[in-house]
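Report on the following structure.
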Amino acid sequence: MLTLVRTIEARDIYTKGHSEGVAYYAVKIAEEMGFDQEKIEKLKNAALLHDIGKIGIPDVVLMKPRALTKAEWAIVKQHPQLGFLILKEMKLLSDISPWVKHHHERWDGKGYPDGLRGEEIPLEARILAVADALEAMVAERPYRKALTFREARKRLRKGAGTQWDPEVVKAALRAIKKPYRVSNDRNKFYRQMERLRYEEAIAPMKLAVLYKIAEEAEKVSGLKQLLQHV
Ligand SMILES: [Fe+2]
């Protein structure tokens with residue numbers, strides 16, 4: 001289970017801690033709505049794996065630091081269905097697969113992949129949608145600033161009845177009083193991953209580019225010599 005989660009995160013480093021955050025919020029909401037322990041456990045697994053379909057999205061799209069084109073968006077939007085297909089095949093996880101499939105549906109029917117509306121969307125998927133949005137709003141990302149927890153709660157209230165199930169939003173606002181924070185242990189894992197990525201992939205790549213530039217520019221042969229010794 002944890003291996004699966006870390007596999008997703010190793011690909012999509014921008015969203016580090018996202019799955020855990022979504023799980024934290026989803027569990028709080030489910031407790032508030034009176035779910036029993038077994039159902040809470042299942043929902044937690046679904047939250048941890050809700051973006052597993054991103055494994056099937058190409059790196060160039062998933063890690064693009066700029067705004068996505070229409071075609072790229074269409075690819076990203078396939079991830080709930082991809083996740084569904086992956087989990088459906090796993091005996092222990094097949095019953096959570098529909099919740100993963102529908103975590104981007106909207107209460108007003110304007111979501112994806114199926115445009116389900118209201119109670120056509122499984123309740124668990126409606127909870128995941130709120131937990132997912134809340135986490136995305138309050139978490140720091142390299143490409144945008146986080147909202148304050150107060151501002152995020154305000155947005156949830158505003159989207160109740162259009163983007164999200166109003167009952168789920170009500171439960172979330174009642175149950176969640178503070179934002180999720182990534183644990184020290186997890187932070188250590190992410191730092192290790194980032195270091196590995198930088199030292200073993202990005203840094204040598206930059207050096208190779210510099211070397212190439214120096215090689216081609218005859219005038220700066222001094223730089224070429226210098227780089228040979230780095
Ligand atoms: Fe997602």
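For the structure tokens, the naming scheme is as follows: chains receive sequential letters (A, B, ...) according to their order of presentation, residues are indexed from 1 within each chain, and ligands are indexed from 1 in presentation order.
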
Can I get the residues of chain A within 8 Å of ligand 1, each with the closest pair of atoms and their distance in Å to one decimal, using only C-alpha atoms and all ligand atoms, sorted chain first then ascending number, as a tab-separated table?
```
residue	atom	partner	partner_atom_place_in_ligand_line	distance
A:His50	CA	ligand 1	1 (Fe)	6.2
A:Asp51	CA	ligand 1	1 (Fe)	4.9
A:His79	CA	ligand 1	1 (Fe)	6.7
A:Pro80	CA	ligand 1	1 (Fe)	6.4
A:His103	CA	ligand 1	1 (Fe)	6.6
A:His104	CA	ligand 1	1 (Fe)	6.4
A:Asp132	CA	ligand 1	1 (Fe)	7.5
```

Surrounding residues of segment 15-24 of chain A excluding itself and chain neighbours under 6 positions, 9 Å, only C-alpha atoms, as a VMD selection string
chain A and resid 5 9 43 to 51 128 130 to 136 139 to 141 179 to 183 186 to 187 190

Find the residues near Leu85 of chain A: any atom within 10 Å, counting only C-alpha atoms, skip ones fewer than 3 places away on the same chain, and give them as a VMD selection string.
chain A and resid 53 79 to 82 88 to 90 94 97 to 98 100 to 101

Report the residues of segment 43-220 of chain A whose backbone DSSP state falls under strand (DSSP E or B), written as JSON, numbers by chain.
{"A": [141, 144, 160, 164]}

For Leu116 of chain A, which of A:Lys91, A:Arg191, A:His102, A:Ala71 is the closest residue, counting only C-alpha atoms?
A:His102

In Å, rounded to a single decimal, give me how far atom CA of Lys154 of chain A is from atom CA of Ile96 of chain A.
29.6 Å

Can you work out the spacing between atom CA of Lys54 of chain A and atom CA of Gln78 of chain A in Å, to one decimal?
8.4 Å
